$ cat work_3.tsv   # TSV, C-alpha atoms
chain	number	residue	atom	x	y	z
W	1	MET	CA	11.66	-3.79	-2.25
W	2	ALA	CA	13.14	-7.27	-2.64
W	3	GLY	CA	12.58	-8.74	-6.05
W	4	ILE	CA	11.45	-5.59	-7.85
W	5	SER	CA	13.39	-2.81	-9.49
W	6	ALA	CA	13.45	0.75	-8.19
W	7	GLU	CA	11.51	1.82	-11.28
W	8	GLN	CA	8.78	-0.75	-10.67
W	9	HIS	CA	8.65	0.27	-7.02
W	10	ARG	CA	8.14	3.89	-8.14
W	11	ILE	CA	5.34	2.88	-10.52
W	12	ASN	CA	3.66	0.85	-7.75
W	13	ARG	CA	3.89	3.85	-5.42
W	14	ILE	CA	2.35	6.15	-8.04
W	15	ASN	CA	-0.50	3.68	-8.51
W	16	GLU	CA	-1.12	3.58	-4.76
W	17	LEU	CA	-1.26	7.38	-4.64
W	18	LEU	CA	-3.65	7.45	-7.60
W	19	ASP	CA	-5.94	4.98	-5.85
W	20	ARG	CA	-6.03	7.18	-2.73
W	21	LEU	CA	-6.72	10.30	-4.79
W	22	ASP	CA	-9.54	8.55	-6.64
W	23	GLU	CA	-11.10	7.58	-3.32
W	24	LYS	CA	-10.99	11.19	-2.12
W	25	LEU	CA	-12.29	12.59	-5.42
W	26	TYR	CA	-15.24	10.23	-5.63
W	27	ALA	CA	-16.10	10.52	-1.93
W	28	GLY	CA	-17.08	14.17	-2.40
W	29	ASN	CA	-17.48	16.49	0.58
W	30	MET	CA	-14.85	19.00	-0.53
W	31	ASP	CA	-14.77	22.53	-1.79
W	32	ARG	CA	-13.91	23.60	-5.33
W	33	ASN	CA	-10.29	24.49	-4.53
W	34	GLU	CA	-9.54	21.19	-2.82
W	35	PHE	CA	-11.16	19.30	-5.71
W	36	ALA	CA	-9.09	21.24	-8.28
W	37	LYS	CA	-5.89	20.59	-6.30
W	38	LEU	CA	-6.58	16.84	-6.14
W	39	VAL	CA	-7.38	16.70	-9.87
W	40	ASP	CA	-4.09	18.48	-10.64
W	41	GLN	CA	-2.16	16.04	-8.45
W	42	ARG	CA	-3.90	13.12	-10.12
W	43	SER	CA	-3.06	14.41	-13.60
W	44	SER	CA	0.59	14.90	-12.64
W	45	LEU	CA	0.83	11.38	-11.26
W	46	TYR	CA	-0.70	9.88	-14.40
W	47	ILE	CA	1.83	11.74	-16.53
W	48	GLU	CA	4.69	10.60	-14.29
W	49	ALA	CA	3.50	6.98	-14.43
W	50	GLU	CA	3.23	7.09	-18.22
W	51	ASN	CA	6.74	8.57	-18.49
W	52	LYS	CA	8.21	5.91	-16.19
W	53	GLU	CA	6.52	3.10	-18.10
W	54	ARG	CA	7.75	4.52	-21.42
W	55	GLU	CA	11.30	4.78	-20.04
W	56	LEU	CA	11.17	1.16	-18.86
W	57	LYS	CA	9.94	-0.04	-22.24
W	58	GLU	CA	12.80	1.80	-23.95
W	59	VAL	CA	15.36	0.30	-21.55
W	60	TYR	CA	14.09	-3.23	-22.01
W	61	LYS	CA	14.04	-2.88	-25.80
W	62	ILE	CA	17.70	-1.91	-25.67
W	63	LYS	CA	18.55	-4.89	-23.44
W	64	LEU	CA	16.70	-7.41	-25.60

$ encode --input "work_3.tsv" --output "structure tokens"
Amino acid sequence: MAGISAEQHRINRINELLDRLDEKLYAGNMDRNEFAKLVDQRSSLYIEAENKERELKEVYKIKL
């Protein structure tokens, strides 16, 4: 984590998880329940990423 903030590390991790979920979703070969669960996880991660990015923007505005 050298050179990046904890917040940026968290955003990078969320993006990695989203990439993996996208791969699973678009690969197919799953039942309806598994698909719904993955879509829910994906939506939650997008919301979390947006919240983190908004928080960072607010922090940097204050520091500028």

$ residues_around --input "work_3.tsv" --residues "range 10-27 of chain W" --least-positions-apart "6" --cutoff "7 Å" --atoms "all atoms listed in the file" --output "list of chain:residue names"
W:Phe35, W:Leu38, W:Arg42, W:Leu45, W:Ala49

$ write_last_selection --input "work_3.tsv" --atoms "C-alpha atoms" --output "PDB file, in the frame of the given file"
ATOM      1  CA  PHE W  35     -11.160  19.300  -5.710  1.00  0.00           C
ATOM      2  CA  LEU W  38      -6.580  16.840  -6.140  1.00  0.00           C
ATOM      3  CA  ARG W  42      -3.900  13.120 -10.120  1.00  0.00           C
ATOM      4  CA  LEU W  45       0.830  11.380 -11.260  1.00  0.00           C
ATOM      5  CA  ALA W  49       3.500   6.980 -14.430  1.00  0.00           C
TER       6      ALA W  49
END

$ atom_distance --input "work_3.tsv" --atom1 "CA of Asp40 in chain W" --atom2 "CA of Gly28 in chain W"
16.0 Å

$ closest_residue --input "work_3.tsv" --among "W:Glu53, W:Glu48, W:Glu58, W:Glu34" --to "Gln8 in chain W" --atoms "only C-alpha atoms"
W:Glu53

$ atom_distance --input "work_3.tsv" --atom1 "CA of Ala6 in chain W" --atom2 "CA of Lys57 in chain W"
14.5 Å

$ atom_distance --input "work_3.tsv" --atom1 "CA of Gly3 in chain W" --atom2 "CA of Arg54 in chain W"
20.9 Å

$ decode --input "work_3.tsv" --residues "range 9-25 of chain W" --atoms "all heavy atoms" --output "compact mmCIF listing (two decimals), in the first residue's frame"
# COMPACT_ATOMS: atom_id res chain seq x y z
N HIS W 9 -6.77 2.80 -1.73
CA HIS W 9 -6.60 1.34 -1.69
C HIS W 9 -7.98 0.67 -1.66
O HIS W 9 -8.20 -0.32 -2.35
CB HIS W 9 -5.76 0.94 -0.48
CG HIS W 9 -5.57 -0.53 -0.36
ND1 HIS W 9 -4.76 -1.25 -1.23
CD2 HIS W 9 -6.09 -1.44 0.50
CE1 HIS W 9 -4.80 -2.53 -0.88
NE2 HIS W 9 -5.60 -2.67 0.16
N ARG W 10 -8.89 1.22 -0.85
CA ARG W 10 -10.25 0.67 -0.75
C ARG W 10 -10.98 0.78 -2.10
O ARG W 10 -11.62 -0.17 -2.52
CB ARG W 10 -11.02 1.42 0.34
CG ARG W 10 -12.43 0.98 0.51
CD ARG W 10 -12.51 -0.37 1.20
NE ARG W 10 -13.89 -0.72 1.41
CZ ARG W 10 -14.36 -1.93 1.38
NH1 ARG W 10 -13.54 -2.95 1.23
NH2 ARG W 10 -15.63 -2.18 1.56
N ILE W 11 -10.85 1.91 -2.77
CA ILE W 11 -11.48 2.08 -4.07
C ILE W 11 -10.90 1.09 -5.08
O ILE W 11 -11.64 0.47 -5.85
CB ILE W 11 -11.34 3.53 -4.56
CG1 ILE W 11 -12.21 4.45 -3.71
CG2 ILE W 11 -11.71 3.66 -6.04
CD1 ILE W 11 -11.99 5.93 -3.94
N ASN W 12 -9.58 0.92 -5.06
CA ASN W 12 -8.95 -0.05 -5.97
C ASN W 12 -9.46 -1.46 -5.70
O ASN W 12 -9.72 -2.22 -6.63
CB ASN W 12 -7.43 0.00 -5.83
CG ASN W 12 -6.84 1.29 -6.34
OD1 ASN W 12 -7.50 2.06 -7.03
ND2 ASN W 12 -5.60 1.54 -5.98
N ARG W 13 -9.62 -1.80 -4.44
CA ARG W 13 -10.12 -3.13 -4.06
C ARG W 13 -11.56 -3.32 -4.55
O ARG W 13 -11.90 -4.38 -5.07
CB ARG W 13 -10.03 -3.31 -2.54
CG ARG W 13 -10.52 -4.63 -2.05
CD ARG W 13 -9.57 -5.75 -2.41
NE ARG W 13 -10.09 -6.98 -1.86
CZ ARG W 13 -10.21 -8.11 -2.54
NH1 ARG W 13 -9.80 -8.19 -3.77
NH2 ARG W 13 -10.74 -9.17 -1.98
N ILE W 14 -12.38 -2.31 -4.38
CA ILE W 14 -13.77 -2.38 -4.86
C ILE W 14 -13.78 -2.59 -6.37
O ILE W 14 -14.54 -3.42 -6.88
CB ILE W 14 -14.54 -1.10 -4.47
CG1 ILE W 14 -14.77 -1.06 -2.96
CG2 ILE W 14 -15.87 -1.01 -5.23
CD1 ILE W 14 -15.28 0.28 -2.45
N ASN W 15 -12.93 -1.87 -7.09
CA ASN W 15 -12.88 -2.03 -8.54
C ASN W 15 -12.44 -3.43 -8.95
O ASN W 15 -12.96 -3.99 -9.91
CB ASN W 15 -11.98 -0.96 -9.16
CG ASN W 15 -12.62 0.40 -9.14
OD1 ASN W 15 -13.85 0.54 -9.17
ND2 ASN W 15 -11.81 1.43 -9.07
N GLU W 16 -11.51 -4.00 -8.22
CA GLU W 16 -11.09 -5.38 -8.50
C GLU W 16 -12.25 -6.35 -8.29
O GLU W 16 -12.46 -7.26 -9.10
CB GLU W 16 -9.93 -5.79 -7.58
CG GLU W 16 -8.62 -5.11 -7.88
CD GLU W 16 -7.56 -5.43 -6.83
OE1 GLU W 16 -7.74 -6.37 -6.03
OE2 GLU W 16 -6.53 -4.71 -6.82
N LEU W 17 -12.98 -6.17 -7.20
CA LEU W 17 -14.14 -7.03 -6.93
C LEU W 17 -15.21 -6.87 -8.01
O LEU W 17 -15.82 -7.85 -8.44
CB LEU W 17 -14.72 -6.73 -5.55
CG LEU W 17 -13.83 -7.09 -4.37
CD1 LEU W 17 -14.42 -6.55 -3.07
CD2 LEU W 17 -13.64 -8.60 -4.28
N LEU W 18 -15.44 -5.65 -8.45
CA LEU W 18 -16.41 -5.41 -9.52
C LEU W 18 -15.99 -6.11 -10.81
O LEU W 18 -16.82 -6.70 -11.50
CB LEU W 18 -16.59 -3.91 -9.76
CG LEU W 18 -17.41 -3.18 -8.70
CD1 LEU W 18 -17.27 -1.68 -8.88
CD2 LEU W 18 -18.87 -3.60 -8.77
N ASP W 19 -14.71 -6.05 -11.13
CA ASP W 19 -14.22 -6.74 -12.33
C ASP W 19 -14.48 -8.24 -12.25
O ASP W 19 -14.92 -8.86 -13.22
CB ASP W 19 -12.72 -6.48 -12.53
CG ASP W 19 -12.42 -5.06 -12.97
OD1 ASP W 19 -13.36 -4.36 -13.43
OD2 ASP W 19 -11.25 -4.66 -12.86
N ARG W 20 -14.21 -8.83 -11.09
CA ARG W 20 -14.44 -10.27 -10.92
C ARG W 20 -15.92 -10.61 -11.03
O ARG W 20 -16.30 -11.62 -11.64
CB ARG W 20 -13.92 -10.74 -9.57
CG ARG W 20 -12.44 -10.90 -9.54
CD ARG W 20 -12.05 -11.69 -8.31
NE ARG W 20 -10.84 -11.10 -7.76
CZ ARG W 20 -10.48 -11.20 -6.50
NH1 ARG W 20 -11.21 -11.86 -5.65
NH2 ARG W 20 -9.37 -10.63 -6.09
N LEU W 21 -16.77 -9.78 -10.42
CA LEU W 21 -18.22 -10.02 -10.51
C LEU W 21 -18.70 -9.92 -11.95
O LEU W 21 -19.52 -10.72 -12.40
CB LEU W 21 -18.98 -9.03 -9.63
CG LEU W 21 -19.02 -9.35 -8.15
CD1 LEU W 21 -19.67 -8.21 -7.38
CD2 LEU W 21 -19.78 -10.63 -7.88
N ASP W 22 -18.21 -8.93 -12.67
CA ASP W 22 -18.59 -8.77 -14.08
C ASP W 22 -18.22 -10.02 -14.88
O ASP W 22 -18.99 -10.49 -15.71
CB ASP W 22 -17.95 -7.53 -14.69
CG ASP W 22 -18.63 -6.24 -14.27
OD1 ASP W 22 -19.76 -6.31 -13.73
OD2 ASP W 22 -18.04 -5.17 -14.48
N GLU W 23 -17.03 -10.54 -14.63
CA GLU W 23 -16.60 -11.75 -15.32
C GLU W 23 -17.56 -12.91 -15.06
O GLU W 23 -17.94 -13.64 -15.97
CB GLU W 23 -15.19 -12.15 -14.90
CG GLU W 23 -14.10 -11.25 -15.42
CD GLU W 23 -12.73 -11.60 -14.88
OE1 GLU W 23 -12.57 -12.68 -14.26
OE2 GLU W 23 -11.81 -10.78 -15.06
N LYS W 24 -17.94 -13.08 -13.80
CA LYS W 24 -18.87 -14.16 -13.44
C LYS W 24 -20.24 -13.94 -14.07
O LYS W 24 -20.87 -14.87 -14.57
CB LYS W 24 -19.02 -14.27 -11.93
CG LYS W 24 -17.83 -14.85 -11.23
CD LYS W 24 -18.10 -14.98 -9.75
CE LYS W 24 -16.92 -15.51 -8.99
NZ LYS W 24 -17.20 -15.63 -7.56
N LEU W 25 -20.73 -12.69 -14.01
CA LEU W 25 -22.06 -12.39 -14.53
C LEU W 25 -22.14 -12.64 -16.03
O LEU W 25 -23.12 -13.19 -16.52
CB LEU W 25 -22.44 -10.94 -14.23
CG LEU W 25 -22.83 -10.64 -12.79
CD1 LEU W 25 -22.99 -9.14 -12.58
CD2 LEU W 25 -24.13 -11.35 -12.42
